[in-house]
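Pasting run24.cif here (mmCIF, C-alpha atoms and all ligand atoms):
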data_work
loop_
_atom_site.label_atom_id
_atom_site.label_comp_id
_atom_site.auth_asym_id
_atom_site.auth_seq_id
_atom_site.Cartn_x
_atom_site.Cartn_y
_atom_site.Cartn_z
CA MET C 9 15.91 1.55 70.41
CA LEU C 10 17.80 4.50 71.86
CA PRO C 11 21.38 3.84 73.05
CA ALA C 12 21.30 1.95 76.38
CA GLU C 13 23.91 4.20 77.96
CA PHE C 14 21.96 7.30 77.00
CA LEU C 15 18.78 5.81 78.53
CA SER C 16 20.50 4.93 81.78
CA ARG C 17 22.00 8.43 82.11
CA PHE C 18 18.60 9.92 81.28
CA ALA C 19 16.76 7.80 83.86
CA SER C 20 19.29 8.71 86.55
CA THR C 21 18.64 12.44 86.13
CA CYS C 22 14.92 12.61 85.27
CA PRO C 23 12.60 13.21 88.28
CA PRO C 24 10.74 9.91 88.95
CA ASP C 25 7.28 11.50 88.63
CA LEU C 26 8.11 12.72 85.09
CA LEU C 27 10.03 9.65 83.89
CA ASN C 28 7.23 7.65 82.26
CA ASP C 29 5.93 10.58 80.21
CA ALA C 30 9.46 11.65 79.34
CA LEU C 31 10.42 8.17 78.07
CA ALA C 32 7.14 7.89 76.14
CA SER C 33 7.92 11.20 74.43
CA PHE C 34 10.90 9.63 72.60
CA ALA C 35 8.45 7.36 70.77
CA ALA C 36 5.72 9.99 70.32
CA LYS C 37 4.96 11.93 67.17
CA GLU C 38 4.36 15.10 69.09
CA ALA C 39 2.36 18.10 67.94
CA VAL C 40 4.12 20.55 65.63
CA ALA C 41 4.38 24.09 66.97
CA PHE C 42 4.65 27.37 65.09
CA ARG C 43 4.46 31.10 65.69
CA ILE C 44 2.65 33.75 63.72
CA ASN C 45 5.23 36.39 62.86
CA ARG C 46 4.38 39.71 64.48
CA LEU C 47 6.83 41.57 62.22
CA GLY C 48 4.44 42.77 59.57
CA ALA C 49 2.26 39.66 59.21
CA PRO C 50 -1.53 40.06 58.97
CA ALA C 51 -3.66 39.80 62.13
CA ALA C 52 -3.75 36.32 63.71
CA GLU C 53 -7.41 35.74 62.66
CA VAL C 54 -6.52 36.37 59.02
CA VAL C 55 -3.59 33.93 59.18
CA LEU C 56 -5.68 31.27 60.93
CA ALA C 57 -8.44 31.65 58.32
CA GLU C 58 -5.88 31.15 55.55
CA LEU C 59 -4.45 28.06 57.25
CA ALA C 60 -7.99 26.66 57.59
CA THR C 61 -8.32 26.74 53.79
CA HIS C 62 -5.45 24.18 53.79
CA GLY C 63 -7.24 21.99 56.35
CA ILE C 64 -5.04 23.21 59.22
CA GLU C 65 -6.88 24.20 62.39
CA PRO C 66 -4.26 24.95 65.06
CA GLN C 67 -4.78 25.20 68.81
CA PRO C 68 -3.40 28.26 70.64
CA VAL C 69 -0.76 27.58 73.33
CA ALA C 70 -2.07 29.33 76.43
CA TRP C 71 1.22 30.06 78.27
CA ALA C 72 2.91 31.41 75.15
CA GLN C 73 -0.07 33.55 74.14
CA ALA C 74 -0.15 34.97 77.69
CA ALA C 75 3.49 35.96 77.20
CA GLY C 76 2.72 37.75 73.92
CA ILE C 77 3.94 35.01 71.54
CA TRP C 78 1.35 33.97 68.98
CA ALA C 79 2.12 30.26 69.29
CA TYR C 80 -0.05 27.39 68.10
CA THR C 81 0.21 23.63 67.68
CA CYS C 82 -1.30 21.20 65.22
CA PRO C 83 -1.02 17.40 64.90
CA GLN C 84 2.32 16.04 63.66
CA GLU C 85 0.56 14.53 60.60
CA GLN C 86 -0.07 18.11 59.43
CA ARG C 87 3.62 19.09 59.54
CA GLU C 88 4.19 18.62 55.83
CA ALA C 89 1.01 20.46 54.84
CA LEU C 90 1.95 23.30 57.20
CA THR C 91 5.50 23.49 55.83
CA TYR C 92 4.20 23.95 52.28
CA THR C 93 1.55 26.58 53.03
CA PRO C 94 2.11 30.03 51.49
CA ALA C 95 2.17 31.35 55.10
CA ALA C 96 5.31 29.29 55.86
CA GLY C 97 6.90 30.21 52.53
CA ASN C 98 6.39 33.96 52.81
CA GLY C 99 7.35 34.44 56.48
CA THR C 100 3.87 34.79 57.93
CA ILE C 101 4.54 31.84 60.25
CA TYR C 102 7.70 30.16 61.59
CA ILE C 103 7.76 26.52 62.66
CA GLN C 104 9.58 26.30 65.99
CA SER C 105 9.41 23.98 69.00
CA LEU C 106 7.68 25.40 72.07
CA SER C 107 10.71 24.86 74.28
CA SER C 108 12.86 26.88 71.83
CA MET C 109 10.54 29.84 72.36
CA LEU C 110 11.31 29.86 76.10
CA ALA C 111 14.91 31.08 75.76
CA PRO C 112 14.16 34.43 74.02
CA LEU C 113 11.14 34.88 76.27
CA LEU C 114 13.32 34.60 79.40
CA LEU C 115 16.14 36.72 77.97
CA ALA C 116 13.49 39.46 77.49
CA PRO C 117 15.35 41.89 75.21
CA GLN C 118 14.21 45.53 75.20
CA GLY C 119 13.68 47.53 72.00
CA GLU C 120 16.69 49.83 72.30
CA GLU C 121 19.27 47.25 73.39
CA TRP C 122 22.26 45.63 71.65
CA VAL C 123 21.86 41.86 71.69
CA LEU C 124 24.38 39.20 70.68
CA ASP C 125 23.17 35.82 69.37
CA LEU C 126 26.36 33.78 69.52
CA ALA C 127 25.21 30.54 67.81
CA ALA C 128 22.43 31.77 65.60
CA ALA C 129 21.60 29.53 62.62
CA PRO C 130 19.03 28.73 61.37
CA GLY C 131 17.73 31.79 63.22
CA GLY C 132 14.59 30.76 65.12
CA LYS C 133 15.68 32.49 68.30
CA THR C 134 17.15 35.52 66.50
CA ILE C 135 13.83 36.03 64.74
CA LEU C 136 11.86 35.84 67.98
CA LEU C 137 14.32 38.25 69.67
CA ALA C 138 13.85 40.71 66.76
CA GLU C 139 10.09 40.32 67.05
CA MET C 140 10.21 41.01 70.81
CA MET C 141 12.31 44.11 70.09
CA ASN C 142 9.84 45.19 67.40
CA ASN C 143 12.83 45.41 65.03
CA GLY C 144 14.37 48.11 67.26
CA GLY C 145 17.82 48.23 68.85
CA LYS C 146 20.46 46.01 67.28
CA ILE C 147 21.15 42.26 67.10
CA SER C 148 24.54 40.80 66.11
CA ALA C 149 24.04 37.20 64.98
CA VAL C 150 27.10 34.92 64.75
CA GLU C 151 27.34 31.57 62.94
CA PRO C 152 30.57 29.89 61.73
CA VAL C 153 29.19 27.17 59.43
CA SER C 154 28.88 28.63 55.95
CA ALA C 155 25.82 26.70 54.70
CA ARG C 156 23.99 27.38 57.97
CA TYR C 157 25.06 31.04 57.88
CA HIS C 158 23.42 31.47 54.46
CA ARG C 159 20.27 29.74 55.68
CA LEU C 160 20.23 32.13 58.67
CA LYS C 161 20.45 35.15 56.34
CA ALA C 162 17.64 33.82 54.13
CA ASN C 163 15.40 33.12 57.14
CA LEU C 164 15.96 36.60 58.61
CA ALA C 165 15.13 38.21 55.26
CA ARG C 166 12.00 36.09 54.75
CA MET C 167 10.71 36.90 58.26
CA GLY C 168 11.18 40.67 57.83
CA VAL C 169 13.95 41.02 60.45
CA GLY C 170 15.49 44.46 59.99
CA ASN C 171 17.63 45.03 63.09
CA THR C 172 20.15 42.20 62.68
CA GLN C 173 23.69 42.15 61.32
CA THR C 174 25.07 38.66 60.61
CA TYR C 175 28.70 37.52 61.04
CA LEU C 176 30.31 34.35 59.64
CA LYS C 177 32.52 33.82 62.67
CA ASP C 178 33.53 31.42 65.42
CA GLY C 179 31.70 32.44 68.62
CA ARG C 180 34.73 31.50 70.74
CA VAL C 181 36.61 34.65 69.65
CA VAL C 182 33.81 37.18 70.11
CA GLY C 183 34.38 37.76 73.84
CA SER C 184 37.94 38.94 73.28
CA LEU C 185 37.02 41.01 70.19
CA LYS C 186 34.01 42.72 71.83
CA PRO C 187 34.48 42.70 75.61
CA ASP C 188 31.76 44.20 77.86
CA CYS C 189 29.65 45.32 74.85
CA PHE C 190 26.25 43.69 74.80
CA ASP C 191 23.16 44.30 76.94
CA ARG C 192 22.00 40.70 76.42
CA VAL C 193 23.59 37.59 74.99
CA MET C 194 21.86 34.46 73.71
CA LEU C 195 24.02 31.33 73.64
CA ASP C 196 21.95 28.45 72.25
CA ALA C 197 24.99 26.24 72.24
CA PRO C 198 25.82 23.56 69.66
CA CYS C 199 25.13 20.33 71.56
CA SER C 200 24.50 16.59 71.30
CA SER C 201 20.79 17.37 70.60
CA GLU C 202 19.60 14.56 72.88
CA SER C 203 16.13 16.06 73.14
CA ARG C 204 15.64 15.47 69.41
CA PHE C 205 16.12 11.70 69.77
CA LYS C 206 13.24 9.64 68.38
CA THR C 207 12.96 5.86 68.58
CA TRP C 208 11.54 5.78 65.03
CA ASP C 209 14.36 7.89 63.54
CA ALA C 210 17.72 6.11 63.83
CA ALA C 211 19.51 9.10 62.28
CA SER C 212 18.52 11.22 65.29
CA HIS C 213 20.62 9.16 67.74
CA GLU C 214 22.98 6.80 65.88
CA HIS C 215 25.98 9.15 66.21
CA TRP C 216 25.48 9.70 69.96
CA SER C 217 28.24 8.56 72.32
CA PRO C 218 29.71 9.75 75.63
CA ALA C 219 32.69 10.95 73.55
CA LYS C 220 30.38 13.16 71.49
CA VAL C 221 28.98 14.66 74.72
CA SER C 222 32.54 15.40 75.93
CA GLU C 223 33.46 16.95 72.59
CA CYS C 224 30.41 19.26 72.77
CA ALA C 225 31.20 20.15 76.39
CA LYS C 226 34.73 21.18 75.47
CA LYS C 227 33.42 23.67 72.89
CA GLN C 228 30.61 24.86 75.18
CA LYS C 229 33.10 25.74 77.95
CA ARG C 230 34.91 28.10 75.59
CA LEU C 231 31.69 29.51 74.16
CA ILE C 232 30.18 30.36 77.56
CA LEU C 233 33.37 32.22 78.61
CA SER C 234 33.29 34.14 75.33
CA ALA C 235 29.58 34.94 75.77
CA PHE C 236 30.10 36.15 79.35
CA ASP C 237 33.13 38.25 78.37
CA ALA C 238 31.09 39.94 75.61
CA LEU C 239 28.37 40.88 78.11
CA LYS C 240 28.22 44.39 79.63
CA PRO C 241 28.35 44.59 83.42
CA GLY C 242 24.67 44.57 84.42
CA GLY C 243 23.80 42.57 81.32
CA VAL C 244 22.07 39.19 81.06
CA LEU C 245 23.18 35.99 79.32
CA MET C 246 20.92 33.07 78.39
CA TYR C 247 22.81 29.77 78.09
CA CYS C 248 20.66 26.94 76.74
CA THR C 249 20.93 23.55 75.06
CA CYS C 250 18.61 20.82 73.82
CA SER C 251 20.71 18.18 75.58
CA PHE C 252 20.00 16.34 78.83
CA ALA C 253 23.68 15.69 79.55
CA PRO C 254 24.83 17.38 82.79
CA GLU C 255 28.28 17.75 81.14
CA GLU C 256 26.68 20.12 78.56
CA ASN C 257 24.46 21.93 81.04
CA GLU C 258 25.11 22.41 84.77
CA LEU C 259 28.79 21.52 84.43
CA ILE C 260 29.20 24.31 81.86
CA VAL C 261 27.57 26.83 84.21
CA ASP C 262 29.73 25.49 87.05
CA HIS C 263 32.80 26.00 84.83
CA LEU C 264 31.81 29.65 84.21
CA LEU C 265 31.34 30.22 87.95
CA LYS C 266 34.84 28.88 88.59
CA LYS C 267 36.54 30.81 85.78
CA ARG C 268 34.98 34.27 86.04
CA GLU C 269 34.21 36.81 88.79
CA GLY C 270 30.83 38.53 88.98
CA VAL C 271 28.70 35.64 87.67
CA ARG C 272 25.22 35.60 89.19
CA LEU C 273 22.60 32.95 88.44
CA LEU C 274 19.22 34.63 88.04
CA PRO C 275 15.98 32.92 89.08
CA ILE C 276 13.81 31.49 86.29
CA ALA C 277 10.05 31.43 86.83
CA LEU C 278 8.48 29.16 84.23
CA GLY C 279 5.34 27.85 85.90
CA LEU C 280 5.41 24.70 83.73
CA PRO C 281 4.78 21.39 85.55
CA ASN C 282 7.54 19.72 83.49
CA SER C 283 10.19 22.28 84.54
CA ARG C 284 12.50 21.45 87.45
CA PRO C 285 15.66 22.92 89.04
CA GLY C 286 19.07 22.15 87.56
CA LEU C 287 21.24 19.47 89.15
CA THR C 288 23.67 20.36 91.93
CA ALA C 289 25.63 17.09 91.82
CA TRP C 290 26.65 14.64 89.11
CA LYS C 291 28.49 11.33 89.38
CA GLY C 292 29.27 11.97 93.05
CA LYS C 293 30.73 15.42 92.37
CA LEU C 294 29.12 18.49 93.97
CA LEU C 295 28.44 21.44 91.67
CA ALA C 296 27.85 25.07 92.68
CA ALA C 297 24.61 25.30 94.67
CA ALA C 298 23.56 28.16 92.35
CA CYS C 299 23.05 25.58 89.56
CA ALA C 300 19.67 24.92 91.22
CA GLU C 301 18.56 28.32 89.81
CA THR C 302 18.90 26.92 86.28
CA ARG C 303 16.00 24.98 84.78
CA ARG C 304 15.54 21.64 83.08
CA VAL C 305 12.43 21.35 80.94
CA TRP C 306 11.62 17.64 80.74
CA PRO C 307 9.95 16.34 77.56
CA THR C 308 6.20 15.74 77.37
CA GLY C 309 3.81 14.98 74.52
CA GLU C 310 3.77 18.73 73.79
CA MET C 311 7.29 19.96 74.57
CA ASP C 312 10.84 18.85 73.80
CA GLY C 313 13.39 18.75 76.60
CA PHE C 314 15.52 21.85 77.14
CA TYR C 315 18.06 23.33 79.57
CA LEU C 316 18.02 27.04 80.46
CA ALA C 317 20.40 29.15 82.56
CA LEU C 318 19.88 32.89 83.00
CA ILE C 319 23.11 34.54 84.07
CA GLY C 320 23.77 38.10 85.21
CA LYS C 321 27.12 39.94 85.17
CA GLU C 322 27.76 42.09 88.22
N1 LIG T 401 19.85 29.39 67.87
C1 LIG T 401 19.52 28.63 66.70
C2 LIG T 401 18.03 28.73 66.44
O1 LIG T 401 17.25 28.97 67.37
O2 LIG T 401 17.64 28.59 65.28
C3 LIG T 401 19.97 27.18 66.80
C4 LIG T 401 21.43 27.07 67.15
S1 LIG T 401 22.06 25.43 67.08
C5 LIG T 401 21.53 24.77 68.57
C6 LIG T 401 23.76 25.72 67.38
C7 LIG T 401 24.47 26.46 66.28
O3 LIG T 401 25.81 26.72 66.72
C8 LIG T 401 24.62 25.68 64.98
O4 LIG T 401 24.12 26.45 63.92
C9 LIG T 401 26.13 25.48 64.83
O5 LIG T 401 26.58 25.50 63.50
C10 LIG T 401 26.65 26.67 65.61
N2 LIG T 401 28.06 26.55 66.06
C11 LIG T 401 28.88 25.47 66.05
N3 LIG T 401 30.11 25.81 66.50
C12 LIG T 401 30.06 27.12 66.82
C13 LIG T 401 31.02 28.05 67.29
N4 LIG T 401 32.28 27.70 67.55
N5 LIG T 401 30.62 29.35 67.47
C14 LIG T 401 29.34 29.72 67.22
N6 LIG T 401 28.40 28.87 66.75
C15 LIG T 401 28.75 27.60 66.56
#
Translate this file's structure into structure tokens.
Amino acid sequence: MLPAEFLSRFASTCPPDLLNDALASFAAKEAVAFRINRLGAPAAEVVLAELATHGIEPQPVAWAQAAGIWAYTCPQEQREALTYTPAAGNGTIYIQSLSSMLAPLLLAPQGEEWVLDLAAAPGGKTILLAEMMNNGGKISAVEPVSARYHRLKANLARMGVGNTQTYLKDGRVVGSLKPDCFDRVMLDAPCSSESRFKTWDAASHEHWSPAKVSECAKKQKRLILSAFDALKPGGVLMYCTCSFAPEENELIVDHLLKKREGVRLLPIALGLPNSRPGLTAWKGKLLAAACAETRRVWPTGEMDGFYLALIGKE
């Protein structure tokens, strides 16, 4: 069973028409998603033919393919087989949840830009950003945890990423070291990871508590100020988490709006039936009305939950 307090908070924020599916998703063994790497990998048909020799016959994901991401899913039972294919080992494919692909897609980096990824390991979003930039421009990828930093470096090398410089650094200091520098900033913040909770995996939720949510929120408040400070005027920041907690999501955006001038929430058009506006009130407290421009992606059998805020700097 998931923690009762978590479930009651979840039920009080989830739209009623999505609640049953969302609750069922915590018990589901959902499909595993992956991307074919467009940085130097063979054509998609060649990769799919190779996967078929291992008994893996993935389904394309229509919305992602339409956006230029070669994303596919296959049944969860095939996760292990997929992980040990040569394609996964040599960087031809990258296993990544569908909701994680949304953040780079919405940030939409351009080939010649300078992009900051402020919480980068293990690198899934950095790799997709590099792919979208066709290895052009420049990415600075920051990660303070040594073991994760080395995993990030190894993943970037395996996937053929050539435009990224990595930094073993605390993201909270970057805004003051590099003010007004970056065209785009990705902040996939460290969070309580509530969307990864599974009823059949006690380890996924046994350390959750309201105190853990508050601890994450405290760090996220400093990280979002740092990310915004590092952004060029006219630039765009993506703030995202895989938590459902308003304290880690809308309240962080609300904090940024209160602490900095020139913050503008940009509209997010997702066109997914499980995506809804961000909250504008929590526990009787009103938040900035602009928080409604942010998006909550509620979990389904296919997608994990996610929170996305696209923020411009005037
Ligand atoms: N963006 C990554 C991806 O797509 O693969 C996942 C990032 S994960 C949600 C958050 C990361 O933030 C973790 O690797 C964590 O170690 C890192 N982190 C924790 N504290 C941090 C800090 N003060 N500054 C920057 N990153 C931090």
Provide the CA of Ala129 in chain C to CA of Ser107 in chain C distance in Å, to one decimal place.
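Separation of CA of Ala129 in chain C and CA of Ser107 in chain C: 16.6 Å.
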Protein and nucleic residues near ligand LIG 401 (chain T), 9 Å, all atoms listed in the file, as an MDAnalysis selection string
chainID C and resid 104 108:109 111 125:136 150:157 160 176:182 194:199 201 227:228 230:231 248:250
Can you spit out the residues from that selection as an mmCIF file, in the coordinates of the input, using C-alpha atoms?
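Output contents, as saved in out-v4.cif:
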data_model
loop_
_atom_site.group_PDB
_atom_site.id
_atom_site.type_symbol
_atom_site.label_atom_id
_atom_site.label_comp_id
_atom_site.auth_asym_id
_atom_site.auth_seq_id
_atom_site.Cartn_x
_atom_site.Cartn_y
_atom_site.Cartn_z
ATOM 1 C CA GLN C 104 9.580 26.300 65.990
ATOM 2 C CA SER C 108 12.860 26.880 71.830
ATOM 3 C CA MET C 109 10.540 29.840 72.360
ATOM 4 C CA ALA C 111 14.910 31.080 75.760
ATOM 5 C CA ASP C 125 23.170 35.820 69.370
ATOM 6 C CA LEU C 126 26.360 33.780 69.520
ATOM 7 C CA ALA C 127 25.210 30.540 67.810
ATOM 8 C CA ALA C 128 22.430 31.770 65.600
ATOM 9 C CA ALA C 129 21.600 29.530 62.620
ATOM 10 C CA PRO C 130 19.030 28.730 61.370
ATOM 11 C CA GLY C 131 17.730 31.790 63.220
ATOM 12 C CA GLY C 132 14.590 30.760 65.120
ATOM 13 C CA LYS C 133 15.680 32.490 68.300
ATOM 14 C CA THR C 134 17.150 35.520 66.500
ATOM 15 C CA ILE C 135 13.830 36.030 64.740
ATOM 16 C CA LEU C 136 11.860 35.840 67.980
ATOM 17 C CA VAL C 150 27.100 34.920 64.750
ATOM 18 C CA GLU C 151 27.340 31.570 62.940
ATOM 19 C CA PRO C 152 30.570 29.890 61.730
ATOM 20 C CA VAL C 153 29.190 27.170 59.430
ATOM 21 C CA SER C 154 28.880 28.630 55.950
ATOM 22 C CA ALA C 155 25.820 26.700 54.700
ATOM 23 C CA ARG C 156 23.990 27.380 57.970
ATOM 24 C CA TYR C 157 25.060 31.040 57.880
ATOM 25 C CA LEU C 160 20.230 32.130 58.670
ATOM 26 C CA LEU C 176 30.310 34.350 59.640
ATOM 27 C CA LYS C 177 32.520 33.820 62.670
ATOM 28 C CA ASP C 178 33.530 31.420 65.420
ATOM 29 C CA GLY C 179 31.700 32.440 68.620
ATOM 30 C CA ARG C 180 34.730 31.500 70.740
ATOM 31 C CA VAL C 181 36.610 34.650 69.650
ATOM 32 C CA VAL C 182 33.810 37.180 70.110
ATOM 33 C CA MET C 194 21.860 34.460 73.710
ATOM 34 C CA LEU C 195 24.020 31.330 73.640
ATOM 35 C CA ASP C 196 21.950 28.450 72.250
ATOM 36 C CA ALA C 197 24.990 26.240 72.240
ATOM 37 C CA PRO C 198 25.820 23.560 69.660
ATOM 38 C CA CYS C 199 25.130 20.330 71.560
ATOM 39 C CA SER C 201 20.790 17.370 70.600
ATOM 40 C CA LYS C 227 33.420 23.670 72.890
ATOM 41 C CA GLN C 228 30.610 24.860 75.180
ATOM 42 C CA ARG C 230 34.910 28.100 75.590
ATOM 43 C CA LEU C 231 31.690 29.510 74.160
ATOM 44 C CA CYS C 248 20.660 26.940 76.740
ATOM 45 C CA THR C 249 20.930 23.550 75.060
ATOM 46 C CA CYS C 250 18.610 20.820 73.820
#
Separation of CA of Pro112 in chain C from CA of Met311 in chain C in Å
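One can read the CA of Met311 in chain C to CA of Pro112 in chain C distance as 16.0 Å.
Nearest to Glu85 in chain C of all the residues C:Ala49, C:Ala72, C:Ala39, C:Leu113 is C:Ala39, based on all atoms listed in the file.
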Given all atoms listed in the file as the basis, pick out the residue of C:Asp29, C:Ile103, C:Met140, C:Leu239 nearest to Gly76 in chain C.
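Smallest distance to Gly76 in chain C is found for C:Met140.
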Hey, what's within 10 Å of range 89-93 of chain C if we count all atoms listed in the file and toss same-chain stuff fewer than 4 positions away? As a list in words, please?
Val40, Phe42, Glu58, Leu59, Thr61, His62, Gly63, Ile64, Cys82, Gln84, Glu85, Gly97, Asn98, Thr100, Ile101, Tyr102 and Ile103 of chain C
Can you tell me how far CA of Leu278 in chain C sits from CA of Arg303 in chain C, in Å to one decimal?
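Computing it gives 8.6 Å between the two atoms.
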Which residue, C:Ala277, C:Val193, C:Met9, C:Val123, has the smallest gap to Gly320 in chain C when you use all atoms listed in the file?
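Of all the options, C:Val193 lies closest to Gly320 in chain C.
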When you count only C-alpha atoms, which of these residues is closest to Val305 in chain C: C:Ile232, C:Cys22, C:Ala12, C:Ala96?
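The shortest atom-to-atom distance to Val305 in chain C comes from C:Cys22.
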Nearest candidate to Asp237 in chain C (options C:Ile147, C:Val261, C:Ala225, C:Val271; using only C-alpha atoms)
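Distance minimum relative to Asp237 in chain C lands on C:Val271.
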Could you produce a table of the residues of range 21-70 of chain C lying within 9 Å of range 162-174 of chain C, with the nearest pair of atoms per residue and their separation in Å rounded to one decimal, using only C-alpha atoms, ordered by chain and increasing residue number, as a Markdown table?
| residue | atom | partner | partner_atom | distance |
| --- | --- | --- | --- | --- |
| C:Asn45 | CA | C:Met167 | CA | 7.2 |
| C:Leu47 | CA | C:Gly168 | CA | 6.2 |
| C:Gly48 | CA | C:Gly168 | CA | 7.3 |
| C:Ala49 | CA | C:Met167 | CA | 8.9 |
Keeping only C-alpha atoms, write the selected residues to a file as a PDB file, keeping the file's coordinate frame.
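Output (part_0.pdb):
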ATOM      1  CA  ASN C  45       5.230  36.390  62.860  1.00  0.00           C
ATOM      2  CA  LEU C  47       6.830  41.570  62.220  1.00  0.00           C
ATOM      3  CA  GLY C  48       4.440  42.770  59.570  1.00  0.00           C
ATOM      4  CA  ALA C  49       2.260  39.660  59.210  1.00  0.00           C
TER       5      ALA C  49
END
Can you sort out range 143-155 of chain C so it carries N, CA, C and O atoms, written as a CSV table (one decimal), keeping the file's coordinate frame?
chain,number,residue,atom,x,y,z
C,143,ASN,N,11.8,45.0,66.0
C,143,ASN,CA,12.8,45.4,65.0
C,143,ASN,C,13.6,46.6,65.5
C,143,ASN,O,14.3,47.3,64.6
C,144,GLY,N,13.6,47.0,66.8
C,144,GLY,CA,14.4,48.1,67.3
C,144,GLY,C,15.7,47.6,67.8
C,144,GLY,O,16.1,46.5,67.7
C,145,GLY,N,16.5,48.6,68.3
C,145,GLY,CA,17.8,48.2,68.8
C,145,GLY,C,18.7,47.6,67.8
C,145,GLY,O,18.5,47.8,66.6
C,146,LYS,N,19.5,46.6,68.2
C,146,LYS,CA,20.5,46.0,67.3
C,146,LYS,C,20.7,44.6,67.7
C,146,LYS,O,20.9,44.3,68.9
C,147,ILE,N,20.7,43.6,66.8
C,147,ILE,CA,21.2,42.3,67.1
C,147,ILE,C,22.4,41.9,66.2
C,147,ILE,O,22.4,42.2,65.0
C,148,SER,N,23.4,41.4,66.9
C,148,SER,CA,24.5,40.8,66.1
C,148,SER,C,24.4,39.3,66.2
C,148,SER,O,24.4,38.7,67.3
C,149,ALA,N,24.3,38.7,65.0
C,149,ALA,CA,24.0,37.2,65.0
C,149,ALA,C,25.3,36.5,64.4
C,149,ALA,O,25.7,36.8,63.3
C,150,VAL,N,25.8,35.6,65.1
C,150,VAL,CA,27.1,34.9,64.8
C,150,VAL,C,26.9,33.4,64.4
C,150,VAL,O,26.2,32.8,65.2
C,151,GLU,N,27.4,33.0,63.3
C,151,GLU,CA,27.3,31.6,62.9
C,151,GLU,C,28.6,31.2,62.1
C,151,GLU,O,28.9,31.9,61.1
C,152,PRO,N,29.3,30.2,62.5
C,152,PRO,CA,30.6,29.9,61.7
C,152,PRO,C,30.4,28.9,60.6
C,152,PRO,O,31.4,28.8,59.8
C,153,VAL,N,29.3,28.2,60.5
C,153,VAL,CA,29.2,27.2,59.4
C,153,VAL,C,28.5,27.8,58.2
C,153,VAL,O,27.4,28.2,58.3
C,154,SER,N,29.3,27.8,57.1
C,154,SER,CA,28.9,28.6,56.0
C,154,SER,C,27.5,28.3,55.5
C,154,SER,O,26.6,29.2,55.3
C,155,ALA,N,27.1,27.0,55.2
C,155,ALA,CA,25.8,26.7,54.7
C,155,ALA,C,24.7,27.2,55.7
C,155,ALA,O,23.7,27.7,55.3
